[in-house]
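Below is start-v7.pdb, holding PDB, C-alpha atoms.
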```pdb
ATOM      1  CA  MET A 637     166.503  88.365 155.050
ATOM      2  CA  PRO A 638     163.318  89.177 156.924
ATOM      3  CA  ASN A 639     161.134  91.990 155.651
ATOM      4  CA  ILE A 640     158.880  92.440 158.681
ATOM      5  CA  LYS A 641     160.062  94.829 161.393
ATOM      6  CA  SER A 642     159.517  92.393 164.261
ATOM      7  CA  ALA A 643     161.389  89.648 162.391
ATOM      8  CA  ILE A 644     164.321  92.009 161.831
ATOM      9  CA  LYS A 645     164.370  92.743 165.579
ATOM     10  CA  ARG A 646     164.288  89.017 166.382
ATOM     11  CA  VAL A 647     167.299  88.410 164.139
ATOM     12  CA  SER A 648     169.349  91.035 165.988
ATOM     13  CA  ILE A 649     168.242  89.680 169.377
ATOM     14  CA  ILE A 650     169.154  86.132 168.351
ATOM     15  CA  GLU A 651     172.617  87.306 167.271
ATOM     16  CA  LYS A 652     173.193  88.958 170.666
ATOM     17  CA  LYS A 653     171.983  85.910 172.575
ATOM     18  CA  THR A 654     174.153  83.621 170.436
ATOM     19  CA  LEU A 655     177.211  85.691 171.337
ATOM     20  CA  GLN A 656     176.297  85.557 175.036
ATOM     21  CA  ASN A 657     175.785  81.787 174.890
ATOM     22  CA  ASN A 658     179.119  81.305 173.114
ATOM     23  CA  MET A 659     180.844  83.421 175.762
ATOM     24  CA  ILE A 660     179.352  81.333 178.585
ATOM     25  CA  LYS A 661     180.165  78.071 176.791
ATOM     26  CA  SER A 662     183.732  79.190 176.179
ATOM     27  CA  ALA A 663     184.170  80.148 179.836
ATOM     28  CA  TYR A 664     183.103  76.755 181.162
ATOM     29  CA  LYS A 665     185.164  74.862 178.602
ATOM     30  CA  THR A 666     188.219  76.930 179.534
ATOM     31  CA  ALA A 667     187.625  76.206 183.227
ATOM     32  CA  ILE A 668     187.419  72.481 182.472
ATOM     33  CA  LYS A 669     190.669  72.616 180.495
ATOM     34  CA  LYS A 670     192.441  74.395 183.370
ATOM     35  CA  PHE A 671     191.239  71.699 185.764
ATOM     36  CA  GLU A 672     192.390  68.921 183.442
ATOM     37  CA  GLU A 673     195.830  70.518 183.085
ATOM     38  CA  ALA A 674     196.189  70.705 186.871
ATOM     39  CA  ALA A 675     194.943  67.128 187.239
ATOM     40  CA  GLN A 676     197.355  65.927 184.560
ATOM     41  CA  ALA A 677     200.220  67.582 186.429
ATOM     42  CA  GLY A 678     199.148  65.806 189.614
ATOM     43  CA  ASN A 679     198.823  69.016 191.632
ATOM     44  CA  LYS A 680     195.980  68.220 194.053
ATOM     45  CA  GLU A 681     195.635  71.708 195.578
ATOM     46  CA  GLU A 682     195.610  73.521 192.259
ATOM     47  CA  ALA A 683     193.261  70.919 190.807
ATOM     48  CA  SER A 684     190.785  71.299 193.672
ATOM     49  CA  THR A 685     190.751  75.082 193.179
ATOM     50  CA  ALA A 686     190.268  74.641 189.442
ATOM     51  CA  PHE A 687     187.564  72.040 190.154
ATOM     52  CA  ARG A 688     185.546  74.525 192.225
ATOM     53  CA  ASP A 689     185.869  77.134 189.485
ATOM     54  CA  ALA A 690     184.869  74.636 186.786
ATOM     55  CA  VAL A 691     181.815  73.479 188.746
ATOM     56  CA  LYS A 692     180.775  77.097 189.240
ATOM     57  CA  LYS A 693     181.076  77.814 185.511
ATOM     58  CA  ILE A 694     179.171  74.636 184.616
ATOM     59  CA  ASP A 695     176.373  75.575 187.025
ATOM     60  CA  GLN A 696     176.206  79.056 185.525
ATOM     61  CA  ALA A 697     175.950  77.612 182.023
ATOM     62  CA  CYS A 698     173.206  75.257 183.213
ATOM     63  CA  THR A 699     171.288  78.079 184.888
ATOM     64  CA  LYS A 700     171.485  80.214 181.751
ATOM     65  CA  GLY A 701     170.196  77.324 179.645
ATOM     66  CA  VAL A 702     173.353  76.907 177.592
ATOM     67  CA  ILE A 703     173.658  73.255 178.621
ATOM     68  CA  LYS A 704     171.028  70.907 180.009
ATOM     69  CA  ASN A 705     170.804  69.704 183.603
ATOM     70  CA  ASN A 706     171.914  66.146 182.889
ATOM     71  CA  THR A 707     174.846  67.352 180.816
ATOM     72  CA  ALA A 708     175.970  69.605 183.656
ATOM     73  CA  SER A 709     175.627  66.780 186.165
ATOM     74  CA  ARG A 710     177.576  64.398 183.947
ATOM     75  CA  LYS A 711     180.407  66.884 183.457
ATOM     76  CA  LYS A 712     180.634  67.656 187.188
ATOM     77  CA  SER A 713     180.615  63.948 187.998
ATOM     78  CA  ASN A 714     183.434  63.228 185.551
ATOM     79  CA  LEU A 715     185.495  66.085 186.969
ATOM     80  CA  ALA A 716     184.909  64.829 190.527
ATOM     81  CA  LYS A 717     186.099  61.347 189.519
ATOM     82  CA  LYS A 718     189.273  62.813 188.031
ATOM     83  CA  LEU A 719     189.849  64.884 191.173
ATOM     84  CA  ASN A 720     189.483  61.825 193.408
ATOM     85  CA  GLU A 721     191.954  59.858 191.284
ATOM     86  CA  ILE A 722     194.731  62.387 191.934
ATOM     87  CA  LYS A 723     197.132  61.165 194.606
TER      88      LYS A 723
END
```

Whole structure given in structure tokens:
Amino acid sequence: MPNIKSAIKRVSIIEKKTLQNNMIKSAYKTAIKKFEEAAQAGNKEEASTAFRDAVKKIDQACTKGVIKNNTASRKKSNLAKKLNEIK
């Protein structure tokens, strides 16, 4: 445990930011899972709606610094490929 006052403050700030990052990460992973479920079912309309939501959540995570730019681009690209494969 830290003894210095500023170090104690940093620990509490890090805990808060970790919780925020986990919340953002969980939200985009959930959005991806919803898209994949719709894509698996073959429902094009529902999948396209879920795709837009998933892309939005991925962009938010990227903006907040939870995931890197290339990771966000890769995930969006993979989702777009899956969306285009639905008949």

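Residues selected in this file by the PyMOL selection byres ((chain A and resi 652-661) around 8) comprise Ser648, Ile649, Ile650, Glu651, Ser662, Ala663, Tyr664, Lys665, Lys693, Gln696, Ala697 and Val702 of chain A.
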
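Closest to Glu682 of chain A among A:Asn639, A:Ile644, A:Ile722, A:Thr699 is A:Ile722, based on only C-alpha atoms.
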
| field | Long-range neighbours of Gln676 of chain A as a list in words, 12 Å cut-off, all atoms listed in the file, 5 positions minimum in chain | value | Lys669, Lys670, Phe671, Glu682, Ala683, Lys718, Leu719, Glu721, Ile722 and Lys723 of chain A

| Nearby residues (all atoms listed in the file) at most 12 Å from Phe687 of chain A, same-chain spacing under 6 positions excluded, as a list in words | Tyr664, Thr666, Ala667, Ile668, Lys669, Lys670, Phe671, Glu672, Glu673, Ala674, Ala675, Asn679, Lys680, Glu681, Lys693, Ile694, Lys711, Lys712, Ser713, Asn714, Leu715, Ala716, Lys717, Lys718, Leu719 and Asn720 of chain A

Please produce an output containing C-alpha atoms for each residue in the selection, written as a PDB file, keeping the file's coordinate frame.
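Now in out.pdb:
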```
ATOM      1  CA  TYR A 664     183.103  76.755 181.162  1.00  0.00           C
ATOM      2  CA  THR A 666     188.219  76.930 179.534  1.00  0.00           C
ATOM      3  CA  ALA A 667     187.625  76.206 183.227  1.00  0.00           C
ATOM      4  CA  ILE A 668     187.419  72.481 182.472  1.00  0.00           C
ATOM      5  CA  LYS A 669     190.669  72.616 180.495  1.00  0.00           C
ATOM      6  CA  LYS A 670     192.441  74.395 183.370  1.00  0.00           C
ATOM      7  CA  PHE A 671     191.239  71.699 185.764  1.00  0.00           C
ATOM      8  CA  GLU A 672     192.390  68.921 183.442  1.00  0.00           C
ATOM      9  CA  GLU A 673     195.830  70.518 183.085  1.00  0.00           C
ATOM     10  CA  ALA A 674     196.189  70.705 186.871  1.00  0.00           C
ATOM     11  CA  ALA A 675     194.943  67.128 187.239  1.00  0.00           C
ATOM     12  CA  ASN A 679     198.823  69.016 191.632  1.00  0.00           C
ATOM     13  CA  LYS A 680     195.980  68.220 194.053  1.00  0.00           C
ATOM     14  CA  GLU A 681     195.635  71.708 195.578  1.00  0.00           C
ATOM     15  CA  LYS A 693     181.076  77.814 185.511  1.00  0.00           C
ATOM     16  CA  ILE A 694     179.171  74.636 184.616  1.00  0.00           C
ATOM     17  CA  LYS A 711     180.407  66.884 183.457  1.00  0.00           C
ATOM     18  CA  LYS A 712     180.634  67.656 187.188  1.00  0.00           C
ATOM     19  CA  SER A 713     180.615  63.948 187.998  1.00  0.00           C
ATOM     20  CA  ASN A 714     183.434  63.228 185.551  1.00  0.00           C
ATOM     21  CA  LEU A 715     185.495  66.085 186.969  1.00  0.00           C
ATOM     22  CA  ALA A 716     184.909  64.829 190.527  1.00  0.00           C
ATOM     23  CA  LYS A 717     186.099  61.347 189.519  1.00  0.00           C
ATOM     24  CA  LYS A 718     189.273  62.813 188.031  1.00  0.00           C
ATOM     25  CA  LEU A 719     189.849  64.884 191.173  1.00  0.00           C
ATOM     26  CA  ASN A 720     189.483  61.825 193.408  1.00  0.00           C
TER      27      ASN A 720
END
```

Centre, x/y/z edge lengths, axis-aligned box for segment 657-660 of chain A with 3 Å per side, as JSON:
```
{"center_x": 178.3, "center_y": 82.4, "center_z": 175.8, "size_x": 11.1, "size_y": 8.1, "size_z": 11.5}
```

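For the pair atom CA of Ala708 of chain A and atom CA of Asp689 of chain A, the interatomic distance is 13.7 Å.
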
| query | Between atom CA of Ser684 of chain A and atom CA of Ile703 of chain A, what is the distance, to one decimal in Å? | reply | 22.9 Å

| field | atom CA of Ala690 of chain A to atom CA of Ala677 of chain A, distance in Å rounded to a single decimal | value |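 Result for atom CA of Ala690 of chain A versus atom CA of Ala677 of chain A: 16.9 Å, one decimal.
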
Since the input lacks some atoms of segment 647-682 of chain A, please model N, CA and C atoms and print them as a short mmCIF file (atom, residue, chain, number, x, y, z; two decimals), in the coordinates of the input.
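rebuild-v9.cif, written as the output of this step:
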```cif
data_model
loop_
_atom_site.label_atom_id
_atom_site.label_comp_id
_atom_site.auth_asym_id
_atom_site.auth_seq_id
_atom_site.Cartn_x
_atom_site.Cartn_y
_atom_site.Cartn_z
N VAL A 647 166.00 88.83 164.66
CA VAL A 647 167.30 88.41 164.14
C VAL A 647 168.42 89.06 164.94
N SER A 648 168.29 90.36 165.23
CA SER A 648 169.35 91.04 165.99
C SER A 648 169.42 90.52 167.42
N ILE A 649 168.26 90.22 168.02
CA ILE A 649 168.24 89.68 169.38
C ILE A 649 168.89 88.30 169.40
N ILE A 650 168.58 87.48 168.42
CA ILE A 650 169.15 86.13 168.35
C ILE A 650 170.67 86.20 168.22
N GLU A 651 171.17 87.15 167.42
CA GLU A 651 172.62 87.31 167.27
C GLU A 651 173.27 87.66 168.61
N LYS A 652 172.65 88.57 169.36
CA LYS A 652 173.19 88.96 170.67
C LYS A 652 173.19 87.78 171.62
N LYS A 653 172.08 87.04 171.66
CA LYS A 653 171.98 85.91 172.58
C LYS A 653 172.96 84.80 172.19
N THR A 654 173.19 84.61 170.89
CA THR A 654 174.15 83.62 170.44
C THR A 654 175.55 83.97 170.92
N LEU A 655 175.90 85.26 170.85
CA LEU A 655 177.21 85.69 171.34
C LEU A 655 177.33 85.48 172.85
N GLN A 656 176.27 85.78 173.59
CA GLN A 656 176.30 85.56 175.04
C GLN A 656 176.45 84.07 175.36
N ASN A 657 175.70 83.23 174.65
CA ASN A 657 175.78 81.79 174.89
C ASN A 657 177.18 81.26 174.57
N ASN A 658 177.77 81.74 173.48
CA ASN A 658 179.12 81.31 173.11
C ASN A 658 180.13 81.74 174.17
N MET A 659 179.94 82.93 174.73
CA MET A 659 180.84 83.42 175.76
C MET A 659 180.76 82.54 177.00
N ILE A 660 179.55 82.19 177.41
CA ILE A 660 179.35 81.33 178.58
C ILE A 660 179.93 79.94 178.34
N LYS A 661 179.67 79.40 177.14
CA LYS A 661 180.16 78.07 176.79
C LYS A 661 181.69 78.04 176.78
N SER A 662 182.28 79.09 176.23
CA SER A 662 183.73 79.19 176.18
C SER A 662 184.32 79.26 177.58
N ALA A 663 183.67 80.00 178.46
CA ALA A 663 184.17 80.15 179.84
C ALA A 663 184.18 78.81 180.57
N TYR A 664 183.11 78.03 180.42
CA TYR A 664 183.10 76.76 181.16
C TYR A 664 184.04 75.73 180.53
N LYS A 665 184.21 75.78 179.23
CA LYS A 665 185.16 74.86 178.60
C LYS A 665 186.59 75.21 179.00
N THR A 666 186.90 76.50 179.10
CA THR A 666 188.22 76.93 179.53
C THR A 666 188.48 76.49 180.97
N ALA A 667 187.48 76.62 181.83
CA ALA A 667 187.62 76.21 183.23
C ALA A 667 187.88 74.71 183.32
N ILE A 668 187.21 73.93 182.49
CA ILE A 668 187.42 72.48 182.47
C ILE A 668 188.84 72.16 182.01
N LYS A 669 189.31 72.86 180.99
CA LYS A 669 190.67 72.62 180.50
C LYS A 669 191.71 72.95 181.56
N LYS A 670 191.50 74.04 182.30
CA LYS A 670 192.44 74.40 183.37
C LYS A 670 192.47 73.32 184.44
N PHE A 671 191.29 72.78 184.78
CA PHE A 671 191.24 71.70 185.76
C PHE A 671 191.99 70.47 185.25
N GLU A 672 191.75 70.12 183.99
CA GLU A 672 192.39 68.92 183.44
C GLU A 672 193.90 69.07 183.37
N GLU A 673 194.38 70.29 183.09
CA GLU A 673 195.83 70.52 183.08
C GLU A 673 196.42 70.32 184.49
N ALA A 674 195.72 70.86 185.49
CA ALA A 674 196.19 70.70 186.87
C ALA A 674 196.13 69.24 187.30
N ALA A 675 195.08 68.54 186.89
CA ALA A 675 194.94 67.13 187.24
C ALA A 675 196.02 66.30 186.55
N GLN A 676 196.33 66.65 185.31
CA GLN A 676 197.36 65.93 184.56
C GLN A 676 198.72 66.10 185.22
N ALA A 677 198.95 67.31 185.76
CA ALA A 677 200.22 67.58 186.43
C ALA A 677 200.30 66.91 187.79
N GLY A 678 199.17 66.49 188.33
CA GLY A 678 199.15 65.81 189.61
C GLY A 678 199.14 66.75 190.80
N ASN A 679 198.86 68.02 190.56
CA ASN A 679 198.82 69.02 191.63
C ASN A 679 197.43 69.04 192.25
N LYS A 680 197.29 68.40 193.42
CA LYS A 680 195.98 68.22 194.05
C LYS A 680 195.36 69.55 194.49
N GLU A 681 196.17 70.44 195.08
CA GLU A 681 195.64 71.71 195.58
C GLU A 681 195.15 72.59 194.43
N GLU A 682 195.98 72.70 193.41
CA GLU A 682 195.61 73.52 192.26
C GLU A 682 194.41 72.91 191.53
#
```
